>>> print(open('start.cif').read())   # mmCIF, C-alpha atoms
data_coords
loop_
_atom_site.label_atom_id
_atom_site.label_comp_id
_atom_site.auth_asym_id
_atom_site.auth_seq_id
_atom_site.Cartn_x
_atom_site.Cartn_y
_atom_site.Cartn_z
CA MET X 1 -1.52 62.24 -17.69
CA ALA X 2 -3.90 59.53 -18.82
CA ARG X 3 -1.35 56.85 -18.01
CA SER X 4 -0.79 58.41 -14.56
CA GLN X 5 -4.51 58.37 -13.74
CA GLU X 6 -4.76 54.77 -14.95
CA SER X 7 -1.84 53.79 -12.72
CA GLU X 8 -3.43 55.47 -9.70
CA THR X 9 -6.72 53.68 -10.37
CA GLN X 10 -5.01 50.32 -10.62
CA ALA X 11 -2.98 50.94 -7.48
CA SER X 12 -6.07 51.78 -5.41
CA ALA X 13 -8.11 48.77 -6.55
CA PRO X 14 -8.31 45.89 -4.05
CA PRO X 15 -6.09 42.92 -4.86
CA PRO X 16 -7.87 39.95 -6.42
CA ARG X 17 -9.16 37.43 -3.90
CA GLN X 18 -6.79 34.49 -3.68
CA ALA X 19 -8.14 30.99 -3.78
CA PRO X 20 -8.09 29.46 -0.31
CA GLY X 21 -5.74 26.64 0.52
CA THR X 22 -7.06 23.11 0.83
CA LEU X 23 -7.84 21.17 3.99
CA GLY X 24 -7.62 17.50 3.04
CA VAL X 25 -10.11 15.37 4.96
CA GLY X 26 -9.70 11.64 5.56
CA MET X 27 -12.96 10.08 6.71
CA VAL X 28 -13.10 6.77 8.60
CA GLY X 29 -16.53 5.21 8.02
CA TYR X 30 -18.91 5.80 5.14
CA ALA X 31 -22.39 4.64 6.17
CA PHE X 32 -25.10 6.84 7.76
CA MET X 33 -22.82 9.32 9.54
CA GLY X 34 -20.16 9.13 6.85
CA ALA X 35 -22.71 10.12 4.23
CA ALA X 36 -23.90 13.02 6.38
CA HIS X 37 -20.36 14.25 7.09
CA SER X 38 -19.34 13.98 3.43
CA GLN X 39 -22.31 16.18 2.52
CA GLY X 40 -20.95 18.80 4.90
CA TRP X 41 -17.41 18.66 3.52
CA ARG X 42 -18.62 18.87 -0.10
CA THR X 43 -20.93 21.81 0.53
CA ALA X 44 -19.32 24.08 3.14
CA GLY X 45 -16.73 25.65 0.84
CA HIS X 46 -19.34 26.38 -1.83
CA VAL X 47 -21.70 28.18 0.57
CA PHE X 48 -19.46 29.94 3.09
CA ASP X 49 -16.45 32.17 2.46
CA LEU X 50 -13.83 29.99 4.15
CA PRO X 51 -10.10 30.58 4.72
CA LEU X 52 -9.47 26.94 3.73
CA ARG X 53 -11.43 24.84 1.26
CA PRO X 54 -12.26 21.42 2.72
CA ALA X 55 -11.82 18.52 0.31
CA LEU X 56 -12.64 14.89 0.98
CA ALA X 57 -9.30 13.34 0.05
CA ALA X 58 -9.89 9.73 1.11
CA ILE X 59 -12.45 7.44 2.73
CA CYS X 60 -11.59 4.40 4.82
CA GLY X 61 -13.59 1.23 5.42
CA ARG X 62 -12.90 -2.48 5.91
CA ASP X 63 -14.78 -3.77 2.85
CA ARG X 64 -12.81 -2.91 -0.33
CA ALA X 65 -15.76 -3.05 -2.71
CA ALA X 66 -18.03 -1.07 -0.40
CA VAL X 67 -15.46 1.63 0.37
CA ASP X 68 -14.59 1.97 -3.33
CA ALA X 69 -18.27 2.53 -4.08
CA ALA X 70 -18.61 5.01 -1.20
CA ALA X 71 -15.52 6.94 -2.30
CA ALA X 72 -16.96 7.30 -5.79
CA ARG X 73 -20.40 8.23 -4.49
CA HIS X 74 -19.11 10.86 -2.07
CA GLY X 75 -17.03 12.88 -4.51
CA GLY X 76 -14.42 10.65 -6.11
CA ALA X 77 -12.16 10.43 -3.07
CA ALA X 78 -9.41 7.84 -2.74
CA ALA X 79 -10.21 4.62 -0.86
CA GLU X 80 -8.33 2.97 2.00
CA THR X 81 -9.07 -0.18 3.98
CA ASP X 82 -6.71 0.56 6.91
CA TRP X 83 -7.21 3.70 8.99
CA ARG X 84 -3.51 3.77 9.78
CA ALA X 85 -2.79 4.18 6.06
CA LEU X 86 -5.37 6.96 5.97
CA ILE X 87 -3.59 8.82 8.77
CA ALA X 88 -0.26 8.43 6.98
CA ARG X 89 -1.47 10.09 3.76
CA ASP X 90 0.23 13.40 2.97
CA ASP X 91 -2.94 14.79 1.38
CA VAL X 92 -4.90 14.35 4.62
CA GLN X 93 -4.67 17.02 7.31
CA LEU X 94 -7.84 16.17 9.23
CA ILE X 95 -9.21 12.78 10.30
CA ASP X 96 -13.01 12.61 10.51
CA ILE X 97 -14.10 9.62 12.64
CA CYS X 98 -17.55 8.24 11.78
CA THR X 99 -17.14 4.74 13.21
CA PRO X 100 -18.78 2.92 16.15
CA GLY X 101 -17.63 4.15 19.55
CA ASP X 102 -15.32 1.26 20.31
CA SER X 103 -12.72 2.57 17.82
CA HIS X 104 -12.93 6.31 18.54
CA ALA X 105 -10.16 6.50 21.12
CA GLU X 106 -7.58 4.45 19.22
CA ILE X 107 -8.07 6.28 15.93
CA ALA X 108 -8.32 9.78 17.43
CA ILE X 109 -5.23 9.42 19.62
CA ALA X 110 -3.16 7.98 16.76
CA ALA X 111 -4.28 10.77 14.43
CA LEU X 112 -3.46 13.50 16.95
CA GLU X 113 -0.06 11.99 17.66
CA ALA X 114 0.59 11.96 13.90
CA GLY X 115 -0.05 15.71 13.72
CA LYS X 116 -3.56 15.61 12.25
CA HIS X 117 -6.61 17.60 13.24
CA VAL X 118 -9.56 15.44 14.36
CA LEU X 119 -13.33 15.58 14.18
CA CYS X 120 -14.92 12.68 16.10
CA GLU X 121 -18.57 11.67 16.15
CA LYS X 122 -20.48 11.55 19.42
CA PRO X 123 -20.47 10.10 21.97
CA LEU X 124 -16.77 10.79 22.25
CA ALA X 125 -15.95 7.26 23.46
CA ASN X 126 -17.50 4.19 25.07
CA THR X 127 -16.03 4.82 28.53
CA VAL X 128 -14.90 7.72 30.67
CA ALA X 129 -11.36 6.33 30.75
CA GLU X 130 -11.18 6.33 26.93
CA ALA X 131 -12.58 9.86 26.79
CA GLU X 132 -10.04 11.06 29.35
CA ALA X 133 -7.21 9.60 27.27
CA MET X 134 -8.59 11.38 24.20
CA VAL X 135 -8.70 14.70 26.06
CA ARG X 136 -5.09 14.30 27.17
CA ALA X 137 -4.07 13.66 23.56
CA ALA X 138 -6.12 16.66 22.42
CA GLU X 139 -4.49 18.94 25.00
CA ALA X 140 -1.02 17.87 23.90
CA ALA X 141 -1.98 18.37 20.26
CA ALA X 142 -3.45 21.82 20.95
CA ALA X 143 0.00 22.97 22.06
CA ARG X 144 1.17 22.07 18.54
CA GLY X 145 -1.68 24.01 16.92
CA GLN X 146 -3.98 21.05 16.22
CA VAL X 147 -7.74 21.04 16.64
CA ALA X 148 -9.84 18.22 18.15
CA MET X 149 -13.60 18.67 17.96
CA VAL X 150 -16.53 16.38 18.82
CA GLY X 151 -19.51 16.18 16.47
CA PHE X 152 -22.56 17.34 18.40
CA ASN X 153 -24.19 18.50 15.18
CA TYR X 154 -27.46 19.68 16.72
CA ARG X 155 -25.63 22.64 18.22
CA LYS X 156 -25.36 23.77 14.60
CA VAL X 157 -29.12 24.08 14.03
CA PRO X 158 -29.62 27.86 13.62
CA ALA X 159 -32.62 27.89 15.97
CA ILE X 160 -30.65 26.15 18.72
CA SER X 161 -27.68 28.47 18.25
CA TYR X 162 -30.05 31.42 18.45
CA ALA X 163 -31.68 30.01 21.59
CA ARG X 164 -28.23 29.81 23.17
CA GLN X 165 -27.68 33.47 22.26
CA LEU X 166 -30.97 34.57 23.85
CA ILE X 167 -30.24 32.63 27.05
CA ALA X 168 -26.68 34.01 27.25
CA GLU X 169 -28.10 37.53 26.88
CA GLY X 170 -30.27 36.91 29.94
CA ARG X 171 -33.61 36.96 28.14
CA LEU X 172 -34.88 34.06 30.28
CA GLY X 173 -33.33 35.29 33.52
CA PRO X 174 -32.26 32.71 36.13
CA LEU X 175 -33.12 29.25 34.84
CA ARG X 176 -35.56 26.97 36.64
CA HIS X 177 -36.18 23.95 34.40
CA VAL X 178 -34.71 22.18 31.39
CA ARG X 179 -36.77 19.43 29.71
CA ALA X 180 -35.24 17.34 26.96
CA THR X 181 -36.60 14.32 25.12
CA TYR X 182 -35.28 12.40 22.13
CA LEU X 183 -37.72 9.79 20.83
CA GLN X 184 -37.35 7.36 17.92
CA ASP X 185 -39.19 4.19 16.92
CA TRP X 186 -36.86 2.16 14.71
CA LEU X 187 -36.54 -0.63 17.31
CA VAL X 188 -40.22 -1.06 18.17
CA ASP X 189 -40.42 -4.21 16.04
CA PRO X 190 -38.84 -7.12 18.01
CA ALA X 191 -37.85 -8.63 14.65
CA SER X 192 -35.48 -5.75 13.89
CA PRO X 193 -31.96 -7.20 13.60
CA LEU X 194 -29.13 -7.09 16.09
CA THR X 195 -27.01 -4.31 14.57
CA TRP X 196 -23.83 -2.95 16.16
CA ARG X 197 -25.82 -0.23 17.94
CA LEU X 198 -27.35 -2.97 20.14
CA LYS X 199 -24.03 -4.42 21.31
CA ARG X 200 -22.29 -2.85 24.29
CA GLU X 201 -18.82 -3.80 23.07
CA HIS X 202 -19.34 -1.64 19.98
CA ALA X 203 -21.79 1.09 21.03
CA GLY X 204 -21.03 1.51 24.74
CA SER X 205 -24.71 2.03 25.54
CA GLY X 206 -28.01 2.09 23.67
CA ALA X 207 -30.53 4.92 23.45
CA LEU X 208 -28.59 6.58 26.27
CA GLY X 209 -25.40 7.11 24.25
CA ASP X 210 -27.03 7.31 20.84
CA LEU X 211 -29.74 9.85 21.71
CA GLY X 212 -29.15 10.81 25.32
CA ALA X 213 -25.68 12.16 24.52
CA HIS X 214 -27.27 14.76 22.25
CA ILE X 215 -29.82 16.02 24.74
CA VAL X 216 -27.33 16.06 27.63
CA ASP X 217 -24.99 18.15 25.49
CA LEU X 218 -27.78 20.48 24.39
CA ALA X 219 -29.02 20.98 27.96
CA GLN X 220 -25.54 21.99 29.10
CA TYR X 221 -24.82 24.04 25.96
CA LEU X 222 -28.06 26.02 26.08
CA SER X 223 -28.01 26.61 29.83
CA GLY X 224 -24.29 27.35 29.99
CA GLU X 225 -24.17 25.08 33.04
CA LEU X 226 -23.02 21.55 33.83
CA LEU X 227 -25.10 18.77 35.33
CA THR X 228 -23.91 17.99 38.85
CA GLY X 229 -25.91 14.83 39.56
CA VAL X 230 -28.55 12.47 38.14
CA SER X 231 -31.13 9.88 39.13
CA ALA X 232 -32.03 7.35 36.43
CA VAL X 233 -33.95 4.32 35.26
CA ALA X 234 -33.19 2.32 32.12
CA GLU X 235 -34.73 -0.71 30.46
CA THR X 236 -34.10 -3.22 27.69
CA PHE X 237 -37.55 -4.27 26.48
CA VAL X 238 -36.43 -6.72 23.78
CA ARG X 239 -33.56 -8.78 25.12
CA GLU X 240 -32.95 -10.99 22.08
CA ARG X 241 -33.10 -10.10 18.39
CA PRO X 242 -32.41 -11.85 15.09
CA LEU X 243 -28.80 -11.68 14.02
CA LEU X 244 -27.96 -9.33 11.19
CA ALA X 245 -27.90 -10.92 7.74
CA GLY X 246 -25.28 -9.10 5.67
CA VAL X 247 -24.43 -5.43 6.20
CA SER X 248 -26.59 -2.91 8.03
CA ALA X 249 -27.99 0.05 6.11
CA GLY X 250 -28.53 3.28 8.00
CA LEU X 251 -30.09 2.31 11.32
CA SER X 252 -31.39 -1.10 10.32
CA GLY X 253 -30.73 -4.06 8.02
CA SER X 254 -31.93 -7.52 7.05
CA ALA X 255 -32.57 -10.03 9.81
CA ASP X 256 -31.47 -13.66 9.88
CA THR X 257 -34.54 -15.90 9.93
CA VAL X 258 -33.15 -18.42 12.43
CA GLU X 259 -30.30 -17.29 14.67
CA ARG X 260 -30.74 -14.79 17.48
CA GLY X 261 -28.40 -12.89 19.78
CA GLU X 262 -28.52 -10.97 23.06
CA VAL X 263 -29.16 -7.23 23.19
CA THR X 264 -26.62 -5.84 25.66
CA VAL X 265 -27.61 -2.15 25.76
CA ASP X 266 -30.62 -0.16 26.95
CA ASP X 267 -33.68 0.45 24.78
CA ALA X 268 -34.70 3.49 26.82
CA ALA X 269 -33.37 5.69 29.62
CA ILE X 270 -35.18 8.30 31.69
CA PHE X 271 -33.38 10.47 34.22
CA THR X 272 -33.57 13.66 36.19
CA GLY X 273 -30.70 15.95 37.04
CA ARG X 274 -29.65 19.17 38.68
CA LEU X 275 -27.63 21.94 37.05
CA ALA X 276 -24.90 23.83 38.88
CA SER X 277 -27.24 26.78 39.58
CA GLY X 278 -29.83 24.52 41.17
CA ALA X 279 -32.10 24.41 38.13
CA LEU X 280 -33.80 21.05 37.56
CA ALA X 281 -33.56 18.99 34.38
CA SER X 282 -35.36 15.94 33.00
CA PHE X 283 -34.37 13.70 30.11
CA GLU X 284 -35.96 10.87 28.13
CA ALA X 285 -34.16 8.90 25.41
CA THR X 286 -35.77 5.95 23.66
CA ARG X 287 -35.76 4.09 20.37
CA MET X 288 -39.06 2.40 21.24
CA ALA X 289 -41.58 5.29 20.92
CA ALA X 290 -43.95 4.14 18.17
CA GLY X 291 -44.67 6.90 15.68
CA ARG X 292 -41.76 9.11 16.71
CA LYS X 293 -39.14 9.19 13.96
CA ASN X 294 -36.62 11.78 15.15
CA ALA X 295 -38.43 13.73 17.83
CA LEU X 296 -35.86 15.81 19.70
CA ARG X 297 -37.62 18.40 21.84
CA LEU X 298 -36.32 20.92 24.34
CA GLU X 299 -37.92 23.46 26.67
CA ILE X 300 -36.09 25.85 28.98
CA ASN X 301 -37.99 27.84 31.60
CA GLY X 302 -36.53 30.84 33.39
CA GLU X 303 -37.73 33.57 35.72
CA LEU X 304 -38.22 35.99 32.81
CA GLY X 305 -39.36 33.68 30.02
CA SER X 306 -39.22 30.35 28.22
CA LEU X 307 -37.89 28.83 25.00
CA ALA X 308 -39.04 25.66 23.23
CA PHE X 309 -37.64 23.79 20.22
CA ASP X 310 -38.75 20.78 18.17
CA LEU X 311 -36.29 19.23 15.71
CA GLU X 312 -39.16 18.15 13.46
CA ARG X 313 -39.83 21.90 12.99
CA LEU X 314 -36.17 22.86 13.08
CA ASN X 315 -36.52 26.30 11.48
CA GLU X 316 -38.72 27.50 14.33
CA LEU X 317 -38.17 28.60 17.92
CA SER X 318 -40.97 29.27 20.41
CA PHE X 319 -40.26 32.16 22.77
CA HIS X 320 -42.31 33.49 25.69
CA ASP X 321 -41.37 36.82 27.28
CA HIS X 322 -42.82 36.69 30.78
CA THR X 323 -42.14 40.41 31.35
CA GLU X 324 -44.88 41.38 28.89
CA PRO X 325 -48.40 42.21 30.15
CA ALA X 326 -50.37 39.05 30.92
CA ALA X 327 -53.22 40.15 28.67
CA THR X 328 -51.06 39.86 25.54
CA ALA X 329 -48.19 37.63 26.64
CA GLY X 330 -47.76 34.12 25.29
CA PHE X 331 -45.48 31.92 23.24
CA ARG X 332 -44.64 33.37 19.86
CA ARG X 333 -43.17 31.62 16.86
CA ILE X 334 -39.79 32.89 15.65
CA LEU X 335 -38.97 31.75 12.13
CA VAL X 336 -35.18 31.39 12.32
CA THR X 337 -34.37 32.11 8.68
CA GLU X 338 -33.20 35.74 8.79
CA PRO X 339 -29.63 36.65 7.73
CA GLU X 340 -29.10 37.99 11.28
CA HIS X 341 -29.62 34.50 12.70
CA PRO X 342 -26.65 32.12 13.21
CA TYR X 343 -25.31 30.52 9.99
CA LEU X 344 -28.08 32.07 7.84
CA GLU X 345 -25.99 34.83 6.24
CA ALA X 346 -24.82 32.46 3.50
CA TRP X 347 -28.07 30.66 2.72
CA TRP X 348 -31.43 31.51 1.14
CA PRO X 349 -33.80 34.50 1.38
CA PRO X 350 -35.82 34.77 4.63
CA GLY X 351 -38.48 32.11 4.99
CA HIS X 352 -36.61 29.50 2.93
CA GLY X 353 -35.89 26.81 5.52
CA LEU X 354 -32.93 24.52 6.06
CA GLY X 355 -32.83 20.80 6.95
CA TYR X 356 -30.98 18.10 8.87
CA GLU X 357 -28.05 17.91 6.43
CA HIS X 358 -27.26 21.61 6.91
CA THR X 359 -26.09 20.93 10.48
CA PHE X 360 -23.15 19.03 9.01
CA VAL X 361 -22.37 21.86 6.60
CA HIS X 362 -22.29 24.25 9.55
CA GLN X 363 -20.14 21.81 11.50
CA ALA X 364 -17.65 21.65 8.62
CA ARG X 365 -17.62 25.44 8.43
CA ASP X 366 -16.85 25.74 12.15
CA VAL X 367 -14.08 23.13 12.00
CA VAL X 368 -12.38 24.89 9.08
CA ARG X 369 -12.59 28.33 10.67
CA THR X 370 -11.34 27.01 14.01
CA ILE X 371 -8.29 25.47 12.32
CA ALA X 372 -7.54 28.57 10.23
CA GLU X 373 -7.94 30.98 13.15
CA GLY X 374 -6.12 28.85 15.72
CA ALA X 375 -9.19 29.13 17.94
CA THR X 376 -10.40 26.87 20.72
CA PRO X 377 -12.64 24.13 19.26
CA VAL X 378 -16.32 24.18 20.23
CA PRO X 379 -17.53 21.61 21.10
CA SER X 380 -14.19 20.29 22.27
CA PHE X 381 -13.07 16.85 23.38
CA ALA X 382 -13.39 18.21 26.93
CA ASP X 383 -17.08 18.88 26.23
CA GLY X 384 -17.39 15.31 24.98
CA LEU X 385 -15.74 14.02 28.16
CA GLN X 386 -18.22 15.97 30.30
CA VAL X 387 -21.12 14.33 28.48
CA GLN X 388 -19.44 10.92 28.90
CA ARG X 389 -19.26 11.50 32.64
CA VAL X 390 -22.97 12.26 32.74
CA LEU X 391 -23.78 9.10 30.75
CA ALA X 392 -21.66 7.03 33.12
CA ALA X 393 -23.44 8.54 36.12
CA VAL X 394 -26.82 7.73 34.52
CA GLU X 395 -25.81 4.09 34.03
CA GLU X 396 -24.51 3.87 37.60
CA SER X 397 -27.70 5.36 39.01
CA ALA X 398 -29.93 3.04 36.95
CA ALA X 399 -27.93 0.03 38.15
CA LYS X 400 -28.39 1.13 41.77
CA ASN X 401 -32.18 1.50 41.80
CA SER X 402 -32.16 5.17 40.76
CA VAL X 403 -29.96 6.41 43.60
CA HIS X 404 -28.84 10.02 43.09
CA THR X 405 -25.36 9.86 41.57
CA PRO X 406 -22.99 12.83 41.41
CA VAL X 407 -21.35 13.69 38.10
CA PRO X 408 -17.59 14.05 38.71
CA SER X 409 -16.22 17.51 38.00
CA SER X 410 -13.49 18.11 35.43
CA SER X 411 -10.98 19.09 38.10
#
>>> encode(input="start.cif", output="structure tokens")
Amino acid sequence: MARSQESETQASAPPPRQAPGTLGVGMVGYAFMGAAHSQGWRTAGHVFDLPLRPALAAICGRDRAAVDAAAARHGGAAAETDWRALIARDDVQLIDICTPGDSHAEIAIAALEAGKHVLCEKPLANTVAEAEAMVRAAEAAAARGQVAMVGFNYRKVPAISYARQLIAEGRLGPLRHVRATYLQDWLVDPASPLTWRLKREHAGSGALGDLGAHIVDLAQYLSGELLTGVSAVAETFVRERPLLAGVSAGLSGSADTVERGEVTVDDAAIFTGRLASGALASFEATRMAAGRKNALRLEINGELGSLAFDLERLNELSFHDHTEPAATAGFRRILVTEPEHPYLEAWWPPGHGLGYEHTFVHQARDVVRTIAEGATPVPSFADGLQVQRVLAAVEESAAKNSVHTPVPSSS
């Protein structure tokens, strides 16, 4: 009898949890964005219960000594100096592209054609034509079960994800205005060197693509609508800079004391737009705002209320419910650290805030789950193409004395 009861107890117990399979990641690029992405890959499987455990299998860069050091620093991954060799590795199932925009299309398309999943940094490409080619490759790959996602990491801030949820639930009612600014100051000094981000052949555009891509994406993501047209101005305030001496570090580097080169991208871009519903939008992107380090700010006004967000206080969301009595109504601070908020179920007790690096952990989590579930990637390459079309319309408008310029539809 005792043995029978023991057998019944063992039979009813849940089976032991199996260790998840591995998703081998091959990362192209290892500097600023590479370091941020590697943090996400290293951390996601330790924080979230994932169906696959991401593992940084190999890192690729052109400089053998530098990529060897980066591979060791970012978790002991293997090192490659040719991205084609990285794609060919059997232990790599996903290619993570953290390179300047001029190489995105070639690497992403080759990786998708080789049967790999792809995560590609924003902006998706340097031109609309390149982005369209990437979308075609992604659509063909999706039919084979592959995932292609673009890295708009600020969607992964819990407060922004929660703002999207409130807007989708109708808490703001019909939208009237979207205001978005992204201000930095790392180029205020005219002696800052001519890094790749200041050359059109590498970066595509300047503050517009670097910062404007984020706020265009967030405006469309939060509103659930697409921009239909824009009117823009752009300016390059410092037209020549010292050449870079050696290798850039992060956003800057050491300047040559003698030789100078031409800046071929914008320093700042300001533009207005109209959403599909008729709501108005305004945008400002600059790397010349003294004192502003990473000031991404958004405000959305609707018939029933408003939401405001500041990246420099990224655990907070300001919400105004305009249906409340005027005597007590006003903006209230929501501390987005509760387990009911997006992504927070796996982190710390309420009130213990997250930071910039957590957006890349959340991005890694979403990529892994999308692959395992066979779901549609969000944000997709098609989302990246839509942003690229807006950026192209902004440049066209600025070149034509701010004339209103339609944004082509995806059809």
>>> residues_around(input="start.cif", residues="stretch 373-383 of chain X", least_positions_apart="3", cutoff="6 Å", atoms="only C-alpha atoms", output="number ranges by chain")
X: 135, 149-150, 369-370, 386
>>> closest_residue(input="start.cif", among="X:Leu124, X:Ile167, X:Leu307, X:Ala114", to="X:Ala88", atoms="only C-alpha atoms")
X:Ala114
>>> residues_around(input="start.cif", residues="X:Arg164", least_positions_apart="5", cutoff="9 Å", atoms="only C-alpha atoms", output="PyMOL selection string")
chain X and resi 159+169+221-224
>>> residues_near_point(input="start.cif", point="(-38.6, -3.5, 17.3)", cutoff="10 Å", atoms="all atoms listed in the file", output="list of chain:residue names")
X:Asp185, X:Trp186, X:Leu187, X:Val188, X:Asp189, X:Pro190, X:Ala191, X:Ser192, X:Pro193, X:Phe237, X:Val238, X:Arg241, X:Asp267, X:Arg287, X:Met288, X:Ala289, X:Ala290
>>> resolve_selection(input="start.cif", expression="the PyMOL selection byres ((chain X and resi 218) around 12)", output="mmCIF file with C-alpha atoms, in the coordinates of the input")
data_model
loop_
_atom_site.group_PDB
_atom_site.id
_atom_site.type_symbol
_atom_site.label_atom_id
_atom_site.label_comp_id
_atom_site.auth_asym_id
_atom_site.auth_seq_id
_atom_site.Cartn_x
_atom_site.Cartn_y
_atom_site.Cartn_z
ATOM 1 C CA PHE X 152 -22.560 17.340 18.400
ATOM 2 C CA ASN X 153 -24.190 18.500 15.180
ATOM 3 C CA TYR X 154 -27.460 19.680 16.720
ATOM 4 C CA ARG X 155 -25.630 22.640 18.220
ATOM 5 C CA LYS X 156 -25.360 23.770 14.600
ATOM 6 C CA VAL X 157 -29.120 24.080 14.030
ATOM 7 C CA ILE X 160 -30.650 26.150 18.720
ATOM 8 C CA SER X 161 -27.680 28.470 18.250
ATOM 9 C CA ALA X 163 -31.680 30.010 21.590
ATOM 10 C CA ARG X 164 -28.230 29.810 23.170
ATOM 11 C CA VAL X 178 -34.710 22.180 31.390
ATOM 12 C CA ARG X 179 -36.770 19.430 29.710
ATOM 13 C CA ALA X 180 -35.240 17.340 26.960
ATOM 14 C CA THR X 181 -36.600 14.320 25.120
ATOM 15 C CA TYR X 182 -35.280 12.400 22.130
ATOM 16 C CA LEU X 211 -29.740 9.850 21.710
ATOM 17 C CA GLY X 212 -29.150 10.810 25.320
ATOM 18 C CA ALA X 213 -25.680 12.160 24.520
ATOM 19 C CA HIS X 214 -27.270 14.760 22.250
ATOM 20 C CA ILE X 215 -29.820 16.020 24.740
ATOM 21 C CA VAL X 216 -27.330 16.060 27.630
ATOM 22 C CA ASP X 217 -24.990 18.150 25.490
ATOM 23 C CA ALA X 219 -29.020 20.980 27.960
ATOM 24 C CA GLN X 220 -25.540 21.990 29.100
ATOM 25 C CA TYR X 221 -24.820 24.040 25.960
ATOM 26 C CA LEU X 222 -28.060 26.020 26.080
ATOM 27 C CA SER X 223 -28.010 26.610 29.830
ATOM 28 C CA GLY X 224 -24.290 27.350 29.990
ATOM 29 C CA GLU X 225 -24.170 25.080 33.040
ATOM 30 C CA LEU X 226 -23.020 21.550 33.830
ATOM 31 C CA LEU X 227 -25.100 18.770 35.330
ATOM 32 C CA ALA X 281 -33.560 18.990 34.380
ATOM 33 C CA PHE X 283 -34.370 13.700 30.110
ATOM 34 C CA LEU X 296 -35.860 15.810 19.700
ATOM 35 C CA ARG X 297 -37.620 18.400 21.840
ATOM 36 C CA LEU X 298 -36.320 20.920 24.340
ATOM 37 C CA GLU X 299 -37.920 23.460 26.670
ATOM 38 C CA ILE X 300 -36.090 25.850 28.980
ATOM 39 C CA PHE X 309 -37.640 23.790 20.220
ATOM 40 C CA PRO X 379 -17.530 21.610 21.100
ATOM 41 C CA ASP X 383 -17.080 18.880 26.230
ATOM 42 C CA GLY X 384 -17.390 15.310 24.980
ATOM 43 C CA VAL X 387 -21.120 14.330 28.480
#
>>> closest_residue(input="start.cif", among="X:Phe360, X:Trp348, X:Trp196, X:Tyr162", to="X:Leu317", atoms="all atoms listed in the file")
X:Tyr162
>>> closest_atom_pairs(input="start.cif", of="stretch 193-262 of chain X", to="stretch 100-111 of chain X", cutoff="7 Å", atoms="only C-alpha atoms", output="CSV")
residue,atom,partner,partner_atom,distance
X:Glu201,CA,X:Asp102,CA,6.7
X:His202,CA,X:Asp102,CA,5.0
X:Ala203,CA,X:Gly101,CA,5.4
X:Gly204,CA,X:Gly101,CA,6.7
>>> closest_residue(input="start.cif", among="X:Ile87, X:Ala143, X:Arg171, X:Ser254", to="X:Phe319", atoms="all atoms listed in the file")
X:Arg171
>>> closest_residue(input="start.cif", among="X:Glu303, X:Glu345, X:Glu130, X:Glu121", to="X:Gln388", atoms="all atoms listed in the file")
X:Glu130
>>> residues_around(input="start.cif", residues="X:Leu280", least_positions_apart="6", cutoff="8 Å", atoms="all atoms listed in the file", output="PyMOL selection string")
chain X and resi 176-178+272-274
>>> axis_aligned_box(input="start.cif", around="stretch 235-247 of chain X", padding_each_side="3 Å", output="JSON")
{"center_x": -31.0, "center_y": -6.3, "center_z": 18.1, "size_x": 19.1, "size_y": 17.1, "size_z": 30.8}
>>> closest_residue(input="start.cif", among="X:Cys98, X:Val92, X:Val263, X:Ala65", to="X:Leu198", atoms="all atoms listed in the file")
X:Val263
>>> closest_residue(input="start.cif", among="X:Gly229, X:Pro349, X:Pro54, X:Gly61", to="X:Met27", atoms="all atoms listed in the file")
X:Gly61
>>> residues_near_point(input="start.cif", point="(-29.8, -12.5, 15.5)", cutoff="10 Å", atoms="only C-alpha atoms", output="ChimeraX atom specification")
/X:191-195,240-245,255-263
>>> write_last_selection(input="start.cif", atoms="C-alpha atoms", output="CSV table (one decimal), in the coordinates of the input")
chain,number,residue,atom,x,y,z
X,191,ALA,CA,-37.8,-8.6,14.6
X,192,SER,CA,-35.5,-5.8,13.9
X,193,PRO,CA,-32.0,-7.2,13.6
X,194,LEU,CA,-29.1,-7.1,16.1
X,195,THR,CA,-27.0,-4.3,14.6
X,240,GLU,CA,-33.0,-11.0,22.1
X,241,ARG,CA,-33.1,-10.1,18.4
X,242,PRO,CA,-32.4,-11.8,15.1
X,243,LEU,CA,-28.8,-11.7,14.0
X,244,LEU,CA,-28.0,-9.3,11.2
X,245,ALA,CA,-27.9,-10.9,7.7
X,255,ALA,CA,-32.6,-10.0,9.8
X,256,ASP,CA,-31.5,-13.7,9.9
X,257,THR,CA,-34.5,-15.9,9.9
X,258,VAL,CA,-33.2,-18.4,12.4
X,259,GLU,CA,-30.3,-17.3,14.7
X,260,ARG,CA,-30.7,-14.8,17.5
X,261,GLY,CA,-28.4,-12.9,19.8
X,262,GLU,CA,-28.5,-11.0,23.1
X,263,VAL,CA,-29.2,-7.2,23.2
>>> resolve_selection(input="start.cif", expression="the PyMOL selection byres ((chain X and resi 58) around 10)", output="count of residues only")
25
>>> atom_distance(input="start.cif", atom1="atom CA of X:Ala234", atom2="atom CA of X:Ala279")
22.9 Å
>>> atom_distance(input="start.cif", atom1="atom CA of X:Ile97", atom2="atom CA of X:Thr236")
28.1 Å
>>> atom_distance(input="start.cif", atom1="atom CA of X:Thr99", atom2="atom CA of X:Thr22")
24.3 Å
>>> resolve_selection(input="start.cif", expression="the PyMOL selection byres ((chain X and resi 47) around 12)", output="list in words")
Gly40, Trp41, Arg42, Thr43, Ala44, Gly45, His46, Phe48, Asp49, Leu50, Arg53, Pro54, Tyr343, Leu344, Glu345, Ala346, Trp347, Trp348, His358, Val361, His362, Ala364 and Arg365 of chain X
>>> residues_around(input="start.cif", residues="stretch 325-333 of chain X", least_positions_apart="4", cutoff="10 Å", atoms="all atoms listed in the file", output="ChimeraX atom specification")
/X:305-308,316-321
